[in-house]
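Participant: Got a file for you: start.cif, mmCIF, C-alpha atoms, pLDDT in the B column; chains and numbers go by the auth columns.
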data_query
#
loop_
_atom_site.group_PDB
_atom_site.id
_atom_site.type_symbol
_atom_site.label_atom_id
_atom_site.label_comp_id
_atom_site.label_asym_id
_atom_site.label_seq_id
_atom_site.Cartn_x
_atom_site.Cartn_y
_atom_site.Cartn_z
_atom_site.B_iso_or_equiv
_atom_site.auth_seq_id
_atom_site.auth_asym_id
ATOM 1 C CA MET A 1 30.049 -17.763 -85.718 76.00 3 D
ATOM 2 C CA ASN A 2 33.693 -17.759 -84.651 85.00 4 D
ATOM 3 C CA LEU A 3 35.263 -14.473 -83.609 92.00 5 D
ATOM 4 C CA THR A 4 38.861 -13.877 -82.653 93.00 6 D
ATOM 5 C CA VAL A 5 39.695 -12.756 -79.114 95.00 7 D
ATOM 6 C CA ALA A 6 40.287 -9.213 -80.390 94.00 8 D
ATOM 7 C CA GLU A 7 36.970 -9.207 -82.250 95.00 9 D
ATOM 8 C CA GLU A 8 35.136 -10.396 -79.126 96.00 10 D
ATOM 9 C CA ASN A 9 36.765 -7.658 -77.060 95.00 11 D
ATOM 10 C CA TYR A 10 35.777 -4.963 -79.543 95.00 12 D
ATOM 11 C CA LEU A 11 32.226 -6.275 -79.834 95.00 13 D
ATOM 12 C CA LYS A 12 31.813 -6.339 -76.059 95.00 14 D
ATOM 13 C CA ALA A 13 33.152 -2.784 -75.823 94.00 15 D
ATOM 14 C CA ILE A 14 30.730 -1.586 -78.498 94.00 16 D
ATOM 15 C CA TYR A 15 27.860 -3.289 -76.670 94.00 17 D
ATOM 16 C CA HIS A 16 28.709 -1.558 -73.391 91.00 18 D
ATOM 17 C CA LEU A 17 29.321 1.828 -75.011 92.00 19 D
ATOM 18 C CA SER A 18 26.038 1.614 -76.892 89.00 20 D
ATOM 19 C CA GLU A 19 24.142 1.266 -73.609 76.00 21 D
ATOM 20 C CA GLU A 20 23.196 -2.345 -74.299 71.00 22 D
ATOM 21 C CA GLY A 21 22.720 -1.854 -78.025 68.00 23 D
ATOM 22 C CA THR A 22 20.337 1.113 -77.971 71.00 24 D
ATOM 23 C CA LYS A 23 22.453 3.839 -79.591 84.00 25 D
ATOM 24 C CA SER A 24 25.265 4.538 -82.047 89.00 26 D
ATOM 25 C CA VAL A 25 28.886 4.672 -80.902 92.00 27 D
ATOM 26 C CA SER A 26 31.640 6.840 -82.348 91.00 28 D
ATOM 27 C CA THR A 27 35.007 5.555 -83.517 90.00 29 D
ATOM 28 C CA ASN A 28 36.745 7.894 -81.074 90.00 30 D
ATOM 29 C CA ASP A 29 34.746 6.482 -78.135 92.00 31 D
ATOM 30 C CA ILE A 30 35.741 2.961 -79.130 93.00 32 D
ATOM 31 C CA ALA A 31 39.387 3.989 -79.507 93.00 33 D
ATOM 32 C CA ALA A 32 39.352 5.521 -76.021 92.00 34 D
ATOM 33 C CA GLU A 33 37.721 2.413 -74.530 91.00 35 D
ATOM 34 C CA MET A 34 40.186 0.058 -76.224 93.00 36 D
ATOM 35 C CA LYS A 35 43.168 2.383 -75.592 90.00 37 D
ATOM 36 C CA THR A 36 44.199 2.402 -79.230 91.00 38 D
ATOM 37 C CA LYS A 37 44.259 4.695 -82.272 88.00 39 D
ATOM 38 C CA PRO A 38 41.132 5.489 -84.347 84.00 40 D
ATOM 39 C CA ALA A 39 42.863 4.067 -87.444 84.00 41 D
ATOM 40 C CA SER A 40 43.212 0.675 -85.734 87.00 42 D
ATOM 41 C CA VAL A 41 39.551 0.829 -84.711 91.00 43 D
ATOM 42 C CA SER A 42 38.481 1.493 -88.304 88.00 44 D
ATOM 43 C CA ASP A 43 40.294 -1.639 -89.484 90.00 45 D
ATOM 44 C CA MET A 44 38.535 -3.753 -86.844 93.00 46 D
ATOM 45 C CA LEU A 45 35.149 -2.206 -87.608 93.00 47 D
ATOM 46 C CA ARG A 46 35.479 -3.235 -91.240 91.00 48 D
ATOM 47 C CA LYS A 47 36.129 -6.834 -90.147 93.00 49 D
ATOM 48 C CA LEU A 48 33.177 -6.849 -87.770 95.00 50 D
ATOM 49 C CA SER A 49 30.954 -5.274 -90.406 93.00 51 D
ATOM 50 C CA GLU A 50 31.894 -7.999 -92.889 93.00 52 D
ATOM 51 C CA LYS A 51 30.763 -10.571 -90.302 94.00 53 D
ATOM 52 C CA GLU A 52 27.488 -8.641 -89.931 94.00 54 D
ATOM 53 C CA VAL A 53 27.779 -8.219 -86.170 95.00 55 D
ATOM 54 C CA ILE A 54 27.817 -4.427 -86.488 95.00 56 D
ATOM 55 C CA SER A 55 26.605 -1.878 -89.020 93.00 57 D
ATOM 56 C CA TYR A 56 29.193 0.772 -89.739 88.00 58 D
ATOM 57 C CA ARG A 57 29.192 3.853 -91.954 81.00 59 D
ATOM 58 C CA LYS A 58 32.093 6.249 -91.749 77.00 60 D
ATOM 59 C CA TYR A 59 31.139 9.461 -89.905 75.00 61 D
ATOM 60 C CA TYR A 60 27.755 7.995 -88.909 80.00 62 D
ATOM 61 C CA GLY A 61 28.865 5.820 -86.009 86.00 63 D
ATOM 62 C CA VAL A 62 28.577 2.143 -85.189 93.00 64 D
ATOM 63 C CA ASN A 63 25.464 0.151 -84.326 93.00 65 D
ATOM 64 C CA ILE A 64 25.493 -3.394 -83.026 94.00 66 D
ATOM 65 C CA THR A 65 23.269 -5.834 -84.956 94.00 67 D
ATOM 66 C CA PRO A 66 20.950 -8.381 -83.305 93.00 68 D
ATOM 67 C CA GLU A 67 23.488 -11.122 -84.018 95.00 69 D
ATOM 68 C CA GLY A 68 26.288 -8.958 -82.635 94.00 70 D
ATOM 69 C CA LYS A 69 24.293 -8.228 -79.496 94.00 71 D
ATOM 70 C CA LYS A 70 23.693 -11.957 -79.006 94.00 72 D
ATOM 71 C CA LEU A 71 27.421 -12.712 -79.276 95.00 73 D
ATOM 72 C CA ALA A 72 28.388 -9.799 -77.011 95.00 74 D
ATOM 73 C CA LEU A 73 25.947 -10.995 -74.352 95.00 75 D
ATOM 74 C CA GLN A 74 27.491 -14.465 -74.480 96.00 76 D
ATOM 75 C CA THR A 75 30.894 -12.940 -73.737 96.00 77 D
ATOM 76 C CA VAL A 76 29.453 -10.758 -70.965 96.00 78 D
ATOM 77 C CA ARG A 77 27.725 -13.821 -69.483 97.00 79 D
ATOM 78 C CA LYS A 78 30.965 -15.818 -69.408 97.00 80 D
ATOM 79 C CA HIS A 79 32.923 -12.927 -67.923 97.00 81 D
ATOM 80 C CA ARG A 80 30.491 -12.368 -65.069 97.00 82 D
ATOM 81 C CA LEU A 81 30.057 -16.069 -64.280 98.00 83 D
ATOM 82 C CA TRP A 82 33.828 -16.451 -64.051 98.00 84 D
ATOM 83 C CA GLU A 83 33.977 -13.465 -61.697 97.00 85 D
ATOM 84 C CA VAL A 84 31.440 -15.148 -59.413 97.00 86 D
ATOM 85 C CA PHE A 85 33.458 -18.373 -59.508 98.00 87 D
ATOM 86 C CA LEU A 86 36.724 -16.600 -58.713 97.00 88 D
ATOM 87 C CA VAL A 87 35.240 -14.722 -55.744 96.00 89 D
ATOM 88 C CA GLU A 88 32.994 -17.429 -54.292 96.00 90 D
ATOM 89 C CA LYS A 89 35.061 -20.548 -54.940 97.00 91 D
ATOM 90 C CA LEU A 90 38.685 -19.402 -55.192 97.00 92 D
ATOM 91 C CA ASN A 91 38.525 -16.569 -52.633 96.00 93 D
ATOM 92 C CA PHE A 92 39.671 -13.801 -54.954 96.00 94 D
ATOM 93 C CA ALA A 93 38.864 -10.273 -53.785 95.00 95 D
ATOM 94 C CA TRP A 94 36.387 -8.398 -55.980 95.00 96 D
ATOM 95 C CA ASP A 95 39.151 -6.024 -57.138 94.00 97 D
ATOM 96 C CA GLU A 96 41.296 -8.951 -58.364 95.00 98 D
ATOM 97 C CA VAL A 97 38.938 -10.759 -60.741 95.00 99 D
ATOM 98 C CA HIS A 98 38.430 -8.530 -63.770 94.00 100 D
ATOM 99 C CA GLU A 99 41.665 -9.229 -65.634 94.00 101 D
ATOM 100 C CA VAL A 100 41.488 -12.975 -64.961 96.00 102 D
ATOM 101 C CA ALA A 101 37.874 -13.091 -66.153 97.00 103 D
ATOM 102 C CA GLU A 102 38.930 -11.147 -69.270 95.00 104 D
ATOM 103 C CA GLU A 103 41.053 -14.163 -70.240 96.00 105 D
ATOM 104 C CA LEU A 104 38.568 -16.849 -69.210 97.00 106 D
ATOM 105 C CA GLU A 105 35.648 -15.247 -71.076 97.00 107 D
ATOM 106 C CA HIS A 106 37.123 -16.320 -74.420 95.00 108 D
ATOM 107 C CA ILE A 107 36.917 -20.074 -73.736 95.00 109 D
ATOM 108 C CA GLN A 108 34.682 -21.532 -76.437 93.00 110 D
ATOM 109 C CA SER A 109 32.733 -24.266 -74.658 95.00 111 D
ATOM 110 C CA PRO A 110 28.973 -23.767 -74.196 94.00 112 D
ATOM 111 C CA LEU A 111 28.796 -26.971 -72.129 96.00 113 D
ATOM 112 C CA LEU A 112 31.467 -25.680 -69.728 97.00 114 D
ATOM 113 C CA ILE A 113 29.536 -22.446 -69.192 97.00 115 D
ATOM 114 C CA GLN A 114 26.256 -24.321 -68.670 96.00 116 D
ATOM 115 C CA ARG A 115 27.883 -26.496 -66.024 97.00 117 D
ATOM 116 C CA LEU A 116 29.644 -23.512 -64.444 98.00 118 D
ATOM 117 C CA ASP A 117 26.294 -21.734 -64.170 97.00 119 D
ATOM 118 C CA ALA A 118 24.699 -24.798 -62.556 97.00 120 D
ATOM 119 C CA TYR A 119 27.667 -25.300 -60.210 97.00 121 D
ATOM 120 C CA LEU A 120 27.276 -21.702 -59.002 97.00 122 D
ATOM 121 C CA ASN A 121 23.515 -22.265 -58.526 97.00 123 D
ATOM 122 C CA TYR A 122 22.519 -19.924 -61.363 96.00 124 D
ATOM 123 C CA PRO A 123 23.634 -16.535 -59.960 95.00 125 D
ATOM 124 C CA LYS A 124 21.767 -13.464 -61.201 94.00 126 D
ATOM 125 C CA PHE A 125 24.462 -10.877 -60.420 94.00 127 D
ATOM 126 C CA ASP A 126 28.257 -10.774 -60.441 95.00 128 D
ATOM 127 C CA PRO A 127 30.398 -9.597 -57.476 94.00 129 D
ATOM 128 C CA HIS A 128 30.102 -5.976 -58.644 94.00 130 D
ATOM 129 C CA GLY A 129 26.306 -6.121 -58.814 92.00 131 D
ATOM 130 C CA ASP A 130 26.025 -6.342 -62.608 92.00 132 D
ATOM 131 C CA PRO A 131 23.282 -8.645 -63.950 93.00 133 D
ATOM 132 C CA ILE A 132 24.381 -11.922 -65.542 95.00 134 D
ATOM 133 C CA PRO A 133 22.627 -12.674 -68.855 95.00 135 D
ATOM 134 C CA ASP A 134 21.056 -16.136 -68.965 94.00 136 D
ATOM 135 C CA GLU A 135 21.893 -18.632 -71.689 91.00 137 D
ATOM 136 C CA PHE A 136 19.247 -17.041 -73.942 91.00 138 D
ATOM 137 C CA GLY A 137 20.677 -13.549 -73.514 89.00 139 D
ATOM 138 C CA ASP A 138 17.938 -12.284 -71.206 90.00 140 D
ATOM 139 C CA VAL A 139 19.123 -9.781 -68.589 88.00 141 D
ATOM 140 C CA LYS A 140 17.233 -9.328 -65.327 83.00 142 D
ATOM 141 C CA ALA A 141 18.009 -5.696 -64.558 78.00 143 D
ATOM 142 C CA ARG A 142 16.714 -3.979 -61.427 79.00 144 D
ATOM 143 C CA PRO A 143 15.950 -0.304 -60.790 86.00 145 D
ATOM 144 C CA ARG A 144 18.893 1.480 -59.219 92.00 146 D
ATOM 145 C CA VAL A 145 20.074 5.044 -58.751 95.00 147 D
ATOM 146 C CA PRO A 146 23.503 6.631 -58.156 96.00 148 D
ATOM 147 C CA ILE A 147 23.658 7.623 -54.504 96.00 149 D
ATOM 148 C CA ASN A 148 24.589 11.214 -55.402 95.00 150 D
ATOM 149 C CA GLU A 149 21.068 11.507 -56.885 95.00 151 D
ATOM 150 C CA MET A 150 19.366 10.411 -53.664 95.00 152 D
ATOM 151 C CA GLU A 151 17.904 13.075 -51.392 95.00 153 D
ATOM 152 C CA VAL A 152 19.023 13.900 -47.851 95.00 154 D
ATOM 153 C CA ASN A 153 17.538 11.424 -45.333 96.00 155 D
ATOM 154 C CA GLN A 154 16.778 8.876 -48.068 95.00 156 D
ATOM 155 C CA SER A 155 18.026 5.338 -47.444 96.00 157 D
ATOM 156 C CA GLY A 156 18.893 2.471 -49.724 95.00 158 D
ATOM 157 C CA GLN A 157 21.031 -0.600 -50.294 96.00 159 D
ATOM 158 C CA ILE A 158 24.151 -0.655 -52.462 96.00 160 D
ATOM 159 C CA VAL A 159 23.573 -3.140 -55.282 95.00 161 D
ATOM 160 C CA ALA A 160 26.250 -2.323 -57.877 94.00 162 D
ATOM 161 C CA VAL A 161 29.152 -0.091 -58.911 95.00 163 D
ATOM 162 C CA LYS A 162 29.630 1.578 -62.273 91.00 164 D
ATOM 163 C CA ASP A 163 33.406 1.656 -61.896 91.00 165 D
ATOM 164 C CA SER A 164 34.854 -1.811 -61.377 88.00 166 D
ATOM 165 C CA SER A 165 38.505 -0.768 -61.603 91.00 167 D
ATOM 166 C CA ALA A 166 40.762 -2.228 -58.922 92.00 168 D
ATOM 167 C CA ALA A 167 41.556 1.239 -57.530 94.00 169 D
ATOM 168 C CA PHE A 168 37.886 2.137 -57.094 95.00 170 D
ATOM 169 C CA LEU A 169 37.024 -1.211 -55.503 95.00 171 D
ATOM 170 C CA ARG A 170 39.911 -0.857 -53.068 95.00 172 D
ATOM 171 C CA TYR A 171 38.520 2.558 -52.125 95.00 173 D
ATOM 172 C CA MET A 172 35.120 0.938 -51.521 95.00 174 D
ATOM 173 C CA ASP A 173 36.769 -1.616 -49.237 95.00 175 D
ATOM 174 C CA LYS A 174 38.615 1.139 -47.394 94.00 176 D
ATOM 175 C CA VAL A 175 35.426 3.054 -46.529 93.00 177 D
ATOM 176 C CA GLY A 176 33.415 -0.104 -45.837 93.00 178 D
ATOM 177 C CA ALA A 177 30.954 0.379 -48.723 94.00 179 D
ATOM 178 C CA TYR A 178 30.213 -3.051 -50.196 94.00 180 D
ATOM 179 C CA ILE A 179 27.481 -4.705 -52.263 94.00 181 D
ATOM 180 C CA GLY A 180 24.592 -5.186 -49.868 94.00 182 D
ATOM 181 C CA ALA A 181 25.550 -2.374 -47.458 95.00 183 D
ATOM 182 C CA ARG A 182 22.767 -0.131 -46.166 96.00 184 D
ATOM 183 C CA VAL A 183 23.305 3.585 -46.730 97.00 185 D
ATOM 184 C CA LYS A 184 21.564 6.788 -45.693 97.00 186 D
ATOM 185 C CA ILE A 185 22.223 10.215 -47.157 96.00 187 D
ATOM 186 C CA LEU A 186 23.083 12.558 -44.283 97.00 188 D
ATOM 187 C CA ASP A 187 24.115 15.663 -46.229 97.00 189 D
ATOM 188 C CA LYS A 188 24.753 16.952 -49.751 96.00 190 D
ATOM 189 C CA VAL A 189 27.123 19.859 -50.322 94.00 191 D
ATOM 190 C CA GLU A 190 25.654 22.349 -52.765 91.00 192 D
ATOM 191 C CA PHE A 191 29.060 23.763 -53.740 93.00 193 D
ATOM 192 C CA ASP A 192 30.642 20.608 -55.179 93.00 194 D
ATOM 193 C CA GLY A 193 27.982 17.904 -54.991 93.00 195 D
ATOM 194 C CA SER A 194 29.892 15.837 -52.438 95.00 196 D
ATOM 195 C CA VAL A 195 27.837 13.761 -49.997 96.00 197 D
ATOM 196 C CA GLU A 196 27.998 12.484 -46.456 96.00 198 D
ATOM 197 C CA ILE A 197 26.528 9.018 -46.000 96.00 199 D
ATOM 198 C CA LEU A 198 25.931 6.669 -43.109 96.00 200 D
ATOM 199 C CA VAL A 199 26.997 3.091 -43.865 96.00 201 D
ATOM 200 C CA ASP A 200 25.252 0.233 -42.043 95.00 202 D
ATOM 201 C CA GLN A 201 24.031 2.681 -39.365 92.00 203 D
ATOM 202 C CA LYS A 202 27.499 2.922 -37.835 90.00 204 D
ATOM 203 C CA LYS A 203 30.044 4.675 -40.065 91.00 205 D
ATOM 204 C CA ASN A 204 29.960 8.198 -41.514 94.00 206 D
ATOM 205 C CA VAL A 205 31.699 8.522 -44.879 95.00 207 D
ATOM 206 C CA PHE A 206 32.340 11.667 -46.953 96.00 208 D
ATOM 207 C CA MET A 207 32.442 11.103 -50.718 95.00 209 D
ATOM 208 C CA SER A 208 33.065 13.301 -53.741 96.00 210 D
ATOM 209 C CA LYS A 209 30.311 13.658 -56.312 96.00 211 D
ATOM 210 C CA ASP A 210 32.286 11.501 -58.787 95.00 212 D
ATOM 211 C CA VAL A 211 32.695 8.669 -56.287 96.00 213 D
ATOM 212 C CA ALA A 212 29.050 8.754 -55.216 96.00 214 D
ATOM 213 C CA ALA A 213 27.933 8.778 -58.874 96.00 215 D
ATOM 214 C CA ASN A 214 29.677 5.411 -59.344 96.00 216 D
ATOM 215 C CA ILE A 215 27.812 3.681 -56.493 96.00 217 D
ATOM 216 C CA LEU A 216 24.341 2.383 -57.349 96.00 218 D
ATOM 217 C CA ALA A 217 21.614 1.684 -54.822 96.00 219 D
ATOM 218 C CA ILE A 218 18.019 0.531 -54.575 94.00 220 D
ATOM 219 C CA GLN A 219 16.090 3.102 -52.577 90.00 221 D
ATOM 220 C CA SER A 220 13.990 1.989 -49.650 84.00 222 D
#
Show the structure stored in the file as structure tokens.
Facilitator:
Amino acid sequence: MNLTVAEENYLKAIYHLSEEGTKSVSTNDIAAEMKTKPASVSDMLRKLSEKEVISYRKYYGVNITPEGKKLALQTVRKHRLWEVFLVEKLNFAWDEVHEVAEELEHIQSPLLIQRLDAYLNYPKFDPHGDPIPDEFGDVKARPRVPINEMEVNQSGQIVAVKDSSAAFLRYMDKVGAYIGARVKILDKVEFDGSVEILVDQKKNVFMSKDVAANILAIQS
């Protein structure tokens, strides 16, 4: 099935908002994600519904169909493979790749993506720690927890970030918190939920609750 670039973008947004296809999404949530008006969203939802990639009833929310989920995962797969390529082969910083990958993800060439995957030696995760779906749409997720939910004296390894905006990634670079870094929770402030962490056993970093909630780790 051929989708336009706009239709692919909406379908990917619905997939992410629906927590990988497990729940309904409201029109207002989609409008906020796409930075547009609810009326424009409704027009697009009718088009996607006609192509049977979503089910949509006014006032009841939007659900992605199995076919829609398959197509969304293909777009996600391309996006994340291109991010790996840009970082590993073209020396982009991890805060520079999202917008470029947004354009590259719409290239319609399954053979190109197969060869890109092989060229990169079949990576399982993108530079931000998100799992890369395989060519069949299977996603190898791993258990992870926001570091603000870890207890004092617990340790772990940063494996992903929820917020992949350039501003947040630059903040991560500034404090030396990167994918693969070892962290230990030194203190949690009861008043505001902020945390003090030790990064790689050498650097103390104070983080707000919101920042720490966007950093995911595997506990060890």
Participant: Identify, on the basis of only C-alpha atoms, every residue whose closest approach to Glu104 of chain D does not exceed 12 Å; exclude the query and any residue fewer than 3 positions from it along the same chain; express the result as number ranges by chain.
Facilitator: D: 7-8, 10-11, 14, 77-85, 98-101, 107-109
Participant: Report the residues retrieved by the PyMOL selection byres ((chain D and resi 111-122) around 8) from the displayed file, expressed as an MDAnalysis selection string.
Facilitator: chainID D and resid 80 83 86:87 109:110 123:125 137
Participant: Report, in Å to a single decimal, how far apart atom CA of Val27 of chain D and atom CA of Asn65 of chain D are.
Facilitator: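 Atom CA of Val27 of chain D lies at a distance of 6.6 Å from atom CA of Asn65 of chain D.
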Participant: Set the distance at 8 Å and use only C-alpha atoms: which residues neighbour segment 167-178 of chain D once local chain neighbours fewer than 5 positions away are removed? I'd like the list as a list in words.
Facilitator: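 In the requested form, the answer reads Trp96, Asp97, Glu98, Val201 and Val207 of chain D.
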Participant: Please measure the separation of atom CA of Lys53 of chain D and atom CA of Met3 of chain D, giving the value in Å to one decimal.
Facilitator: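 Computing the Euclidean distance for atom CA of Lys53 of chain D and atom CA of Met3 of chain D yields 8.6 Å.
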Participant: Name the residues captured by the PyMOL selection byres ((chain D and resi 208) around 6) when it is applied to the shown file; answer as a list in words.
Facilitator: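 After applying the PyMOL selection byres ((chain D and resi 208) around 6), what remains is Val197, Glu198, Val207 and Met209 of chain D.
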Participant: Have a look at atom CA of Lys72 of chain D and atom CA of Lys126 of chain D and let me know their distance in Å, one decimal.
Facilitator: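 For atom CA of Lys72 of chain D relative to atom CA of Lys126 of chain D, the distance reads 18.0 Å.
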Participant: Which residues, protein or nucleic acid, reach to within 7 Å of (25.9, 5.4, -54.1) in the file's coordinates when using all atoms listed in the file, and can you give that as a PyMOL selection string?
Facilitator: chain D and resi 148-150+160+214-219
Participant: Expand the PyMOL selection byres ((chain D and resi 183) around 10) into the individual residues it matches in the shown file, reporting them as a VMD selection string.
Facilitator: chain D and resid 158 to 161 178 to 182 184 to 185 201 to 203 219
